[in-house]
file query21.pdb (PDB, C-alpha atoms)
ATOM      1  CA  MET I 259     149.197  73.627  40.978  1.00  0.00           C
ATOM      2  CA  LYS I 260     147.807  77.163  40.854  1.00  0.00           C
ATOM      3  CA  ILE I 261     146.821  79.012  44.010  1.00  0.00           C
ATOM      4  CA  THR I 262     145.794  82.525  45.018  1.00  0.00           C
ATOM      5  CA  ILE I 263     147.754  84.179  47.815  1.00  0.00           C
ATOM      6  CA  LEU I 264     146.345  87.045  49.891  1.00  0.00           C
ATOM      7  CA  TYR I 265     148.365  89.294  52.205  1.00  0.00           C
ATOM      8  CA  PHE I 266     146.992  91.354  55.083  1.00  0.00           C
ATOM      9  CA  ALA I 267     147.960  94.167  57.451  1.00  0.00           C
ATOM     10  CA  ARG I 268     151.683  94.600  58.118  1.00  0.00           C
ATOM     11  CA  ILE I 269     152.564  91.805  55.704  1.00  0.00           C
ATOM     12  CA  LYS I 270     150.635  93.443  52.881  1.00  0.00           C
ATOM     13  CA  GLU I 271     152.665  96.618  53.480  1.00  0.00           C
ATOM     14  CA  VAL I 272     155.946  94.711  53.491  1.00  0.00           C
ATOM     15  CA  VAL I 273     155.355  92.824  50.227  1.00  0.00           C
ATOM     16  CA  ASN I 274     153.539  95.817  48.760  1.00  0.00           C
ATOM     17  CA  TYR I 275     150.540  94.070  47.289  1.00  0.00           C
ATOM     18  CA  SER I 276     147.402  92.406  48.559  1.00  0.00           C
ATOM     19  CA  SER I 277     146.983  89.377  46.296  1.00  0.00           C
ATOM     20  CA  GLU I 278     148.576  87.364  43.524  1.00  0.00           C
ATOM     21  CA  GLU I 279     148.022  84.153  41.595  1.00  0.00           C
ATOM     22  CA  VAL I 280     150.979  81.816  41.412  1.00  0.00           C
ATOM     23  CA  ALA I 281     151.746  78.528  39.707  1.00  0.00           C
ATOM     24  CA  LEU I 282     153.720  76.381  42.124  1.00  0.00           C
ATOM     25  CA  PRO I 283     156.465  74.042  40.930  1.00  0.00           C
ATOM     26  CA  GLU I 284     156.297  70.298  41.637  1.00  0.00           C
ATOM     27  CA  GLY I 285     157.014  69.503  45.270  1.00  0.00           C
ATOM     28  CA  VAL I 286     155.749  72.767  46.762  1.00  0.00           C
ATOM     29  CA  GLU I 287     152.713  71.360  48.561  1.00  0.00           C
ATOM     30  CA  THR I 288     152.844  72.549  52.169  1.00  0.00           C
ATOM     31  CA  ILE I 289     152.719  75.997  53.766  1.00  0.00           C
ATOM     32  CA  ILE I 290     156.317  75.630  54.929  1.00  0.00           C
ATOM     33  CA  ALA I 291     157.391  74.753  51.380  1.00  0.00           C
ATOM     34  CA  LEU I 292     155.450  77.729  50.024  1.00  0.00           C
ATOM     35  CA  LYS I 293     157.185  80.044  52.523  1.00  0.00           C
ATOM     36  CA  ALA I 294     160.575  78.670  51.452  1.00  0.00           C
ATOM     37  CA  TRP I 295     159.682  79.055  47.767  1.00  0.00           C
ATOM     38  CA  LEU I 296     158.529  82.672  48.253  1.00  0.00           C
ATOM     39  CA  SER I 297     161.691  83.391  50.264  1.00  0.00           C
ATOM     40  CA  ASN I 298     163.700  82.804  47.077  1.00  0.00           C
ATOM     41  CA  ARG I 299     162.298  86.078  45.755  1.00  0.00           C
ATOM     42  CA  GLY I 300     164.778  88.084  47.791  1.00  0.00           C
ATOM     43  CA  ALA I 301     165.776  89.573  51.104  1.00  0.00           C
ATOM     44  CA  THR I 302     162.380  91.143  51.919  1.00  0.00           C
ATOM     45  CA  TRP I 303     160.614  87.806  51.570  1.00  0.00           C
ATOM     46  CA  GLN I 304     163.315  85.886  53.338  1.00  0.00           C
ATOM     47  CA  LYS I 305     163.162  88.227  56.314  1.00  0.00           C
ATOM     48  CA  LEU I 306     159.368  88.069  56.375  1.00  0.00           C
ATOM     49  CA  PHE I 307     159.210  84.296  56.665  1.00  0.00           C
ATOM     50  CA  SER I 308     162.313  83.692  58.782  1.00  0.00           C
ATOM     51  CA  GLY I 309     160.854  84.604  62.191  1.00  0.00           C
ATOM     52  CA  THR I 310     158.738  82.091  64.096  1.00  0.00           C
ATOM     53  CA  GLY I 311     155.079  82.825  64.856  1.00  0.00           C
ATOM     54  CA  VAL I 312     155.200  86.175  63.091  1.00  0.00           C
ATOM     55  CA  VAL I 313     153.370  85.065  59.957  1.00  0.00           C
ATOM     56  CA  ARG I 314     150.135  83.106  60.330  1.00  0.00           C
ATOM     57  CA  ALA I 315     148.578  81.208  57.441  1.00  0.00           C
ATOM     58  CA  ALA I 316     145.070  80.240  56.389  1.00  0.00           C
ATOM     59  CA  ILE I 317     143.901  77.938  53.601  1.00  0.00           C
ATOM     60  CA  ASN I 318     140.385  78.611  52.304  1.00  0.00           C
ATOM     61  CA  HIS I 319     139.514  80.682  55.417  1.00  0.00           C
ATOM     62  CA  GLU I 320     140.807  78.103  57.935  1.00  0.00           C
ATOM     63  CA  LEU I 321     143.801  78.864  60.175  1.00  0.00           C
ATOM     64  CA  VAL I 322     146.469  76.241  59.500  1.00  0.00           C
ATOM     65  CA  ASP I 323     149.974  75.362  60.640  1.00  0.00           C
ATOM     66  CA  ASP I 324     153.146  75.063  58.560  1.00  0.00           C
ATOM     67  CA  MET I 325     152.585  71.398  57.699  1.00  0.00           C
ATOM     68  CA  ALA I 326     149.148  71.932  56.126  1.00  0.00           C
ATOM     69  CA  THR I 327     148.949  70.919  52.466  1.00  0.00           C
ATOM     70  CA  MET I 328     147.447  72.921  49.602  1.00  0.00           C
ATOM     71  CA  ASP I 329     145.344  71.828  46.635  1.00  0.00           C
ATOM     72  CA  ASP I 330     144.918  73.309  43.190  1.00  0.00           C
ATOM     73  CA  GLY I 331     142.702  76.402  43.295  1.00  0.00           C
ATOM     74  CA  ASP I 332     143.164  77.034  47.036  1.00  0.00           C
ATOM     75  CA  GLU I 333     143.101  80.502  48.545  1.00  0.00           C
ATOM     76  CA  VAL I 334     146.091  80.871  50.852  1.00  0.00           C
ATOM     77  CA  ALA I 335     146.443  83.903  53.134  1.00  0.00           C
ATOM     78  CA  PHE I 336     149.411  85.209  55.104  1.00  0.00           C
ATOM     79  CA  PHE I 337     148.890  87.643  57.970  1.00  0.00           C
ATOM     80  CA  PRO I 338     150.300  88.725  61.345  1.00  0.00           C
ATOM     81  CA  PRO I 339     148.829  87.540  64.671  1.00  0.00           C
ATOM     82  CA  VAL I 340     145.313  88.978  64.929  1.00  0.00           C
ATOM     83  CA  THR I 341     144.459  92.018  67.072  1.00  0.00           C
ATOM     84  CA  GLY I 342     140.690  92.537  66.910  1.00  0.00           C
ATOM     85  CA  GLY I 343     138.180  93.171  69.674  1.00  0.00           C
TER      86      GLY I 343
ATOM     87  CA  MET P 215     120.344  71.758  74.368  1.00  0.00           C
ATOM     88  CA  SER P 216     116.706  71.610  73.388  1.00  0.00           C
ATOM     89  CA  VAL P 217     116.261  75.119  72.001  1.00  0.00           C
ATOM     90  CA  PRO P 218     118.657  76.055  69.165  1.00  0.00           C
ATOM     91  CA  ALA P 219     120.273  79.386  69.918  1.00  0.00           C
ATOM     92  CA  THR P 220     119.691  82.451  67.750  1.00  0.00           C
ATOM     93  CA  LEU P 221     123.029  83.613  66.313  1.00  0.00           C
ATOM     94  CA  ASN P 222     123.253  87.015  64.687  1.00  0.00           C
ATOM     95  CA  ILE P 223     126.692  88.138  63.478  1.00  0.00           C
ATOM     96  CA  SER P 224     127.632  91.358  61.665  1.00  0.00           C
ATOM     97  CA  VAL P 225     130.910  92.768  60.365  1.00  0.00           C
ATOM     98  CA  GLN P 226     130.276  96.366  59.346  1.00  0.00           C
ATOM     99  CA  PRO P 227     131.743  99.883  59.166  1.00  0.00           C
ATOM    100  CA  GLN P 228     128.615 101.426  60.722  1.00  0.00           C
ATOM    101  CA  ASP P 229     128.217 102.215  64.402  1.00  0.00           C
ATOM    102  CA  PHE P 230     125.597 100.320  66.429  1.00  0.00           C
ATOM    103  CA  ASP P 231     123.027 101.215  69.070  1.00  0.00           C
ATOM    104  CA  THR P 232     123.808  98.947  72.023  1.00  0.00           C
ATOM    105  CA  GLY P 233     120.481  99.616  73.732  1.00  0.00           C
ATOM    106  CA  LEU P 234     118.537  98.744  70.602  1.00  0.00           C
ATOM    107  CA  GLU P 235     120.619  95.608  70.005  1.00  0.00           C
ATOM    108  CA  LEU P 236     119.975  94.342  73.548  1.00  0.00           C
ATOM    109  CA  GLN P 237     116.281  95.086  73.192  1.00  0.00           C
ATOM    110  CA  GLN P 238     116.189  93.071  69.946  1.00  0.00           C
ATOM    111  CA  LEU P 239     118.089  90.185  71.552  1.00  0.00           C
ATOM    112  CA  ARG P 240     115.542  90.146  74.400  1.00  0.00           C
ATOM    113  CA  ALA P 241     112.686  90.181  71.900  1.00  0.00           C
ATOM    114  CA  ALA P 242     114.261  87.310  69.935  1.00  0.00           C
ATOM    115  CA  THR P 243     114.796  85.201  73.077  1.00  0.00           C
ATOM    116  CA  PRO P 244     111.740  85.787  75.300  1.00  0.00           C
ATOM    117  CA  GLN P 245     112.638  82.798  77.532  1.00  0.00           C
ATOM    118  CA  ALA P 246     115.864  84.546  78.631  1.00  0.00           C
ATOM    119  CA  GLY P 247     116.339  85.404  82.285  1.00  0.00           C
ATOM    120  CA  ALA P 248     119.727  86.994  81.675  1.00  0.00           C
ATOM    121  CA  VAL P 249     121.387  89.150  79.034  1.00  0.00           C
ATOM    122  CA  VAL P 250     125.100  89.959  79.347  1.00  0.00           C
ATOM    123  CA  SER P 251     126.887  92.383  77.034  1.00  0.00           C
ATOM    124  CA  PHE P 252     130.422  93.581  76.417  1.00  0.00           C
ATOM    125  CA  VAL P 253     131.312  96.675  74.395  1.00  0.00           C
ATOM    126  CA  GLY P 254     134.924  97.227  73.275  1.00  0.00           C
ATOM    127  CA  LEU P 255     135.991 100.831  72.652  1.00  0.00           C
ATOM    128  CA  VAL P 256     138.773 102.771  70.965  1.00  0.00           C
ATOM    129  CA  ARG P 257     140.897 104.326  73.719  1.00  0.00           C
ATOM    130  CA  ASP P 258     141.911 107.946  73.159  1.00  0.00           C
ATOM    131  CA  LEU P 259     145.473 107.190  74.259  1.00  0.00           C
ATOM    132  CA  SER P 260     147.873 104.605  72.907  1.00  0.00           C
ATOM    133  CA  ALA P 261     151.170 103.640  74.540  1.00  0.00           C
ATOM    134  CA  ASP P 262     152.877 106.181  72.274  1.00  0.00           C
ATOM    135  CA  GLY P 263     150.688 109.251  72.635  1.00  0.00           C
ATOM    136  CA  LYS P 264     147.342 110.731  71.736  1.00  0.00           C
ATOM    137  CA  LEU P 265     145.312 108.667  69.319  1.00  0.00           C
ATOM    138  CA  ASP P 266     143.246 110.203  66.526  1.00  0.00           C
ATOM    139  CA  GLN P 267     142.056 107.163  64.650  1.00  0.00           C
ATOM    140  CA  MET P 268     142.001 103.393  64.719  1.00  0.00           C
ATOM    141  CA  LEU P 269     141.995 101.593  61.364  1.00  0.00           C
ATOM    142  CA  ILE P 270     140.609  98.072  61.478  1.00  0.00           C
ATOM    143  CA  GLU P 271     141.436  95.758  58.592  1.00  0.00           C
ATOM    144  CA  HIS P 272     139.936  92.300  58.214  1.00  0.00           C
ATOM    145  CA  TYR P 273     139.791  89.277  55.916  1.00  0.00           C
ATOM    146  CA  PRO P 274     136.313  89.303  54.336  1.00  0.00           C
ATOM    147  CA  GLY P 275     134.870  85.807  54.225  1.00  0.00           C
ATOM    148  CA  MET P 276     137.210  84.314  56.806  1.00  0.00           C
ATOM    149  CA  THR P 277     136.133  86.877  59.407  1.00  0.00           C
ATOM    150  CA  GLU P 278     132.467  85.906  59.231  1.00  0.00           C
ATOM    151  CA  ALA P 279     133.338  82.186  59.220  1.00  0.00           C
ATOM    152  CA  ALA P 280     135.606  82.581  62.271  1.00  0.00           C
ATOM    153  CA  LEU P 281     133.014  84.558  64.255  1.00  0.00           C
ATOM    154  CA  GLN P 282     130.295  82.043  63.381  1.00  0.00           C
ATOM    155  CA  ARG P 283     132.474  79.167  64.561  1.00  0.00           C
ATOM    156  CA  ILE P 284     133.340  80.931  67.826  1.00  0.00           C
ATOM    157  CA  ALA P 285     129.653  81.635  68.540  1.00  0.00           C
ATOM    158  CA  GLU P 286     128.777  78.003  67.760  1.00  0.00           C
ATOM    159  CA  GLN P 287     131.511  76.762  70.107  1.00  0.00           C
ATOM    160  CA  ALA P 288     130.026  78.948  72.864  1.00  0.00           C
ATOM    161  CA  CYS P 289     126.591  77.439  72.191  1.00  0.00           C
ATOM    162  CA  GLN P 290     128.033  73.945  72.534  1.00  0.00           C
ATOM    163  CA  ARG P 291     129.538  74.767  75.938  1.00  0.00           C
ATOM    164  CA  TRP P 292     126.710  76.750  77.496  1.00  0.00           C
ATOM    165  CA  PRO P 293     122.904  76.588  77.208  1.00  0.00           C
ATOM    166  CA  LEU P 294     122.589  79.890  75.366  1.00  0.00           C
ATOM    167  CA  LEU P 295     119.380  81.212  73.870  1.00  0.00           C
ATOM    168  CA  GLY P 296     120.890  83.943  71.728  1.00  0.00           C
ATOM    169  CA  VAL P 297     124.162  85.562  70.673  1.00  0.00           C
ATOM    170  CA  ARG P 298     124.498  88.988  69.048  1.00  0.00           C
ATOM    171  CA  LEU P 299     127.959  89.841  67.767  1.00  0.00           C
ATOM    172  CA  ILE P 300     128.938  93.023  65.909  1.00  0.00           C
ATOM    173  CA  HIS P 301     132.503  93.962  64.949  1.00  0.00           C
ATOM    174  CA  ARG P 302     133.231  97.193  63.138  1.00  0.00           C
ATOM    175  CA  VAL P 303     135.888  97.654  60.446  1.00  0.00           C
ATOM    176  CA  GLY P 304     137.427 100.674  58.727  1.00  0.00           C
ATOM    177  CA  ALA P 305     138.430 104.013  60.273  1.00  0.00           C
ATOM    178  CA  LEU P 306     137.154 104.597  63.825  1.00  0.00           C
ATOM    179  CA  ALA P 307     137.616 107.731  65.920  1.00  0.00           C
ATOM    180  CA  ALA P 308     138.852 107.737  69.512  1.00  0.00           C
ATOM    181  CA  GLN P 309     136.129 106.568  71.937  1.00  0.00           C
ATOM    182  CA  ALA P 310     134.161 104.868  69.164  1.00  0.00           C
ATOM    183  CA  GLN P 311     132.549 101.481  69.757  1.00  0.00           C
ATOM    184  CA  ILE P 312     134.479  98.615  68.116  1.00  0.00           C
ATOM    185  CA  VAL P 313     132.760  95.428  69.164  1.00  0.00           C
ATOM    186  CA  LEU P 314     129.556  94.231  70.809  1.00  0.00           C
ATOM    187  CA  VAL P 315     129.113  90.751  72.236  1.00  0.00           C
ATOM    188  CA  ALA P 316     125.730  90.047  73.813  1.00  0.00           C
ATOM    189  CA  THR P 317     124.556  86.680  75.110  1.00  0.00           C
ATOM    190  CA  SER P 318     121.206  85.615  76.495  1.00  0.00           C
ATOM    191  CA  SER P 319     120.380  82.553  78.566  1.00  0.00           C
ATOM    192  CA  LEU P 320     117.901  81.247  81.156  1.00  0.00           C
ATOM    193  CA  HIS P 321     120.302  82.031  84.019  1.00  0.00           C
ATOM    194  CA  ARG P 322     123.141  84.514  84.355  1.00  0.00           C
ATOM    195  CA  GLN P 323     126.183  82.252  84.690  1.00  0.00           C
ATOM    196  CA  ALA P 324     125.966  80.856  81.158  1.00  0.00           C
ATOM    197  CA  ALA P 325     125.522  84.335  79.679  1.00  0.00           C
ATOM    198  CA  PHE P 326     128.455  85.794  81.685  1.00  0.00           C
ATOM    199  CA  GLU P 327     130.861  82.981  80.875  1.00  0.00           C
ATOM    200  CA  ALA P 328     129.901  82.660  77.199  1.00  0.00           C
ATOM    201  CA  CYS P 329     130.320  86.414  76.672  1.00  0.00           C
ATOM    202  CA  ALA P 330     133.869  86.289  78.097  1.00  0.00           C
ATOM    203  CA  PHE P 331     134.658  83.120  76.111  1.00  0.00           C
ATOM    204  CA  ILE P 332     133.537  84.694  72.825  1.00  0.00           C
ATOM    205  CA  MET P 333     135.694  87.784  73.427  1.00  0.00           C
ATOM    206  CA  ASP P 334     138.750  85.707  74.389  1.00  0.00           C
ATOM    207  CA  TYR P 335     138.444  83.605  71.230  1.00  0.00           C
ATOM    208  CA  LEU P 336     137.661  86.596  69.010  1.00  0.00           C
ATOM    209  CA  LYS P 337     140.856  88.283  70.239  1.00  0.00           C
ATOM    210  CA  THR P 338     143.044  85.395  69.120  1.00  0.00           C
ATOM    211  CA  GLU P 339     141.233  83.711  66.189  1.00  0.00           C
ATOM    212  CA  ALA P 340     139.195  86.261  64.228  1.00  0.00           C
ATOM    213  CA  PRO P 341     141.226  87.899  61.412  1.00  0.00           C
ATOM    214  CA  PHE P 342     141.113  91.574  62.407  1.00  0.00           C
ATOM    215  CA  TRP P 343     144.145  93.859  62.585  1.00  0.00           C
ATOM    216  CA  LYS P 344     144.278  97.291  64.219  1.00  0.00           C
ATOM    217  CA  LYS P 345     146.452 100.188  63.220  1.00  0.00           C
ATOM    218  CA  GLU P 346     146.722 103.236  65.479  1.00  0.00           C
ATOM    219  CA  ILE P 347     147.120 106.708  64.003  1.00  0.00           C
ATOM    220  CA  GLY P 348     147.982 109.668  66.225  1.00  0.00           C
ATOM    221  CA  ASP P 349     150.479 112.369  67.042  1.00  0.00           C
ATOM    222  CA  PHE P 350     153.106 109.592  67.152  1.00  0.00           C
ATOM    223  CA  GLY P 351     152.513 108.658  63.492  1.00  0.00           C
ATOM    224  CA  GLU P 352     151.020 105.272  62.736  1.00  0.00           C
ATOM    225  CA  ARG P 353     151.692 101.789  64.016  1.00  0.00           C
ATOM    226  CA  TRP P 354     150.167  98.324  63.927  1.00  0.00           C
ATOM    227  CA  VAL P 355     148.904  97.084  67.280  1.00  0.00           C
ATOM    228  CA  GLU P 356     150.937  94.090  68.493  1.00  0.00           C
ATOM    229  CA  ALA P 357     149.206  90.889  69.554  1.00  0.00           C
ATOM    230  CA  ARG P 358     149.320  90.443  73.338  1.00  0.00           C
ATOM    231  CA  ALA P 359     150.525  87.246  74.992  1.00  0.00           C
ATOM    232  CA  SER P 360     147.888  87.783  77.703  1.00  0.00           C
ATOM    233  CA  ASP P 361     145.119  87.363  75.105  1.00  0.00           C
ATOM    234  CA  GLU P 362     146.519  84.000  74.032  1.00  0.00           C
ATOM    235  CA  HIS P 363     146.829  83.032  77.700  1.00  0.00           C
ATOM    236  CA  ALA P 364     143.168  83.948  78.327  1.00  0.00           C
ATOM    237  CA  LYS P 365     142.071  81.645  75.507  1.00  0.00           C
ATOM    238  CA  GLN P 366     144.246  78.798  76.742  1.00  0.00           C
ATOM    239  CA  GLN P 367     142.613  79.018  80.169  1.00  0.00           C
ATOM    240  CA  TRP P 368     139.292  78.078  78.559  1.00  0.00           C
ATOM    241  CA  GLN P 369     140.934  75.098  76.862  1.00  0.00           C
ATOM    242  CA  LYS P 370     142.437  73.909  80.163  1.00  0.00           C
ATOM    243  CA  ASN P 371     139.262  74.378  82.136  1.00  0.00           C
ATOM    244  CA  ASN P 372     137.079  72.850  79.449  1.00  0.00           C
ATOM    245  CA  GLY P 373     134.178  75.228  79.743  1.00  0.00           C
ATOM    246  CA  LYS P 374     134.627  76.515  83.284  1.00  0.00           C
ATOM    247  CA  SER P 375     135.534  80.155  83.805  1.00  0.00           C
ATOM    248  CA  PRO P 376     139.257  80.961  83.842  1.00  0.00           C
ATOM    249  CA  THR P 377     140.780  81.544  87.265  1.00  0.00           C
TER     250      THR P 377
END

call {"tool": "encode", "arguments": {"input": "query21.pdb", "output": "C-alpha cells"}}
result
Amino acid sequence: MKITILYFARIKEVVNYSSEEVALPEGVETIIALKAWLSNRGATWQKLFSGTGVVRAAINHELVDDMATMDDGDEVAFFPPVTGG
Amino acid sequence: MSVPATLNISVQPQDFDTGLELQQLRAATPQAGAVVSFVGLVRDLSADGKLDQMLIEHYPGMTEAALQRIAEQACQRWPLLGVRLIHRVGALAAQAQIVLVATSSLHRQAAFEACAFIMDYLKTEAPFWKKEIGDFGERWVEARASDEHAKQQWQKNNGKSPT
C-alpha cells in the first residue's frame, strides 16, 4: 500500500520535511502501526511518536485516533495539537 | 429549521474589515434580529516577552473542511440564519486581527451561543498552528487544556451554554 504523509508545524521542523510518499510493508495498516514503523527510522522518530497525545493524526482531512486504518492512496497527516483562533 | 443558513467561510492571508463583514451578513440575512461577532487578535506580549510577529500555519484542504463542519454543527444546534467565518494565515503583526466569527439569528441567544460554540470548536479541531516571534526568539504556542475543557462543556450540555 502506498500513502502520502504530510507533516505540520513543530513536527515538520523535527523531521525536517513537509511530505513524503511511502510504500508500507504488509501488516502496517493502522495509524499506530505506521507510527511504530516510522519509529524504526531512528531516535528522532522514536522520540517523536513515543509521547501520548503529542502527535495528532488525520486521514484524508479527517482527525482520527491511533486505531484508524489506512487504504492505498490515502493522505495521512501528523501534527501537534492545534492552536488556532 | 425551515430556512437554510448562509455559511461563508474564508481562510486567507489578507486582513478583513469587520464592519463591512457584519454589514454584508446583515444584508444576506434580512430576517435577522441579532448579529453577534467575535474578533480574535494578536497580543503584543507573549508569556516570554515582547512579540513582533505571529506566524500561522495551517493544513490547506483540511482547514476549510473542518471549519465548514463546525459551522454546520452550529446550524444543527441553533436556528441560525447566517455564519461568517474568516481565519487568517501567514505572518501577522502584533495587534492584527486573526479570526472573525459572526452569527446572525432571529433572536440574540442563538447568535451568542453559536458564536461561542464555533470559537470553542475552532480552537480544538481546526488545523491551525501559531508560532510567536519576538525578543525572546521564536516558539510554537502550546495547546491549552482550558480550550479542550471549553469544548467538552458543549458536549456535556448538549447545546446549552457552558456554565

call {"tool": "atom_distance", "arguments": {"input": "query21.pdb", "atom1": "CA of Val225 (chain P)", "atom2": "CA of Ala305 (chain P)"}}
result
13.5 Å

call {"tool": "resolve_selection", "arguments": {"input": "query21.pdb", "expression": "the PyMOL selection byres ((chain P) within 8 of (chain I))", "output": "PyMOL selection string"}}
result
chain P and resi 254+270-273+275-276+279+301+312-313+333+336-344+354-357

call {"tool": "closest_residue", "arguments": {"input": "query21.pdb", "among": "I:Ala291, I:Met328, I:Arg299, I:Val313", "to": "Lys270 (chain I)", "atoms": "all atoms listed in the file"}}
result
I:Val313

call {"tool": "closest_residue", "arguments": {"input": "query21.pdb", "among": "I:Val273, I:Thr327, I:Phe336, I:Thr262", "to": "Gly300 (chain I)", "atoms": "all atoms listed in the file"}}
result
I:Val273

call {"tool": "resolve_selection", "arguments": {"input": "query21.pdb", "expression": "the PyMOL selection byres ((chain P and resi 237) around 12)", "output": "PyMOL selection string"}}
result
chain P and resi 231-236+238-244+246+249-251+298+316-318

call {"tool": "closest_residue", "arguments": {"input": "query21.pdb", "among": "I:Ala294, I:Leu306, I:Ala281, I:Val286", "to": "Ile269 (chain I)", "atoms": "all atoms listed in the file"}}
result
I:Leu306

call {"tool": "closest_residue", "arguments": {"input": "query21.pdb", "among": "I:Gly331, I:Ser297, I:Lys305, I:Ala315", "to": "Val280 (chain I)", "atoms": "all atoms listed in the file"}}
result
I:Gly331

call {"tool": "residues_around", "arguments": {"input": "query21.pdb", "residues": "region 284-296 of chain P", "least_positions_apart": "4", "cutoff": "8 Å", "atoms": "all atoms listed in the file", "output": "ChimeraX atom specification"}}
result
/P:215,217-221,239,242-243,245-246,280,317-320,324-325,328,331-332,335-336,373

call {"tool": "atom_distance", "arguments": {"input": "query21.pdb", "atom1": "CA of Ile289 (chain I)", "atom2": "CA of Asp323 (chain I)"}}
result
7.4 Å

call {"tool": "axis_aligned_box", "arguments": {"input": "query21.pdb", "around": "region 272-277 of chain I", "padding_each_side": "3 Å", "output": "JSON"}}
result
{"center_x": 151.5, "center_y": 92.6, "center_z": 49.9, "size_x": 15.0, "size_y": 12.4, "size_z": 13.2}

call {"tool": "atom_distance", "arguments": {"input": "query21.pdb", "atom1": "CA of Met325 (chain I)", "atom2": "CA of Gly285 (chain I)"}}
result
13.3 Å

call {"tool": "residues_around", "arguments": {"input": "query21.pdb", "residues": "Lys293 (chain I)", "least_positions_apart": "5", "cutoff": "9 Å", "atoms": "all atoms listed in the file", "output": "list in words"}}
result
Thr288, Asn298, Trp303, Gln304, Phe307, Ser308 and Asp324 of chain I

call {"tool": "residues_near_point", "arguments": {"input": "query21.pdb", "point": "(154.1, 79.7, 41.0)", "cutoff": "10 Å", "atoms": "all atoms listed in the file", "output": "list in words"}}
result
Met259, Lys260, Ile261, Thr262, Glu278, Glu279, Val280, Ala281, Leu282, Pro283, Glu284, Val286, Leu292, Trp295 and Leu296 of chain I

call {"tool": "resolve_selection", "arguments": {"input": "query21.pdb", "expression": "the PyMOL selection byres ((chain P and resi 265) around 12)", "output": "PyMOL selection string"}}
result
chain P and resi 256-264+266-269+306-310+345-353

call {"tool": "residues_around", "arguments": {"input": "query21.pdb", "residues": "Glu278 (chain P)", "least_positions_apart": "3", "cutoff": "8 Å", "atoms": "all atoms listed in the file", "output": "number ranges by chain"}}
result
P: 223-225, 274-275, 281-282
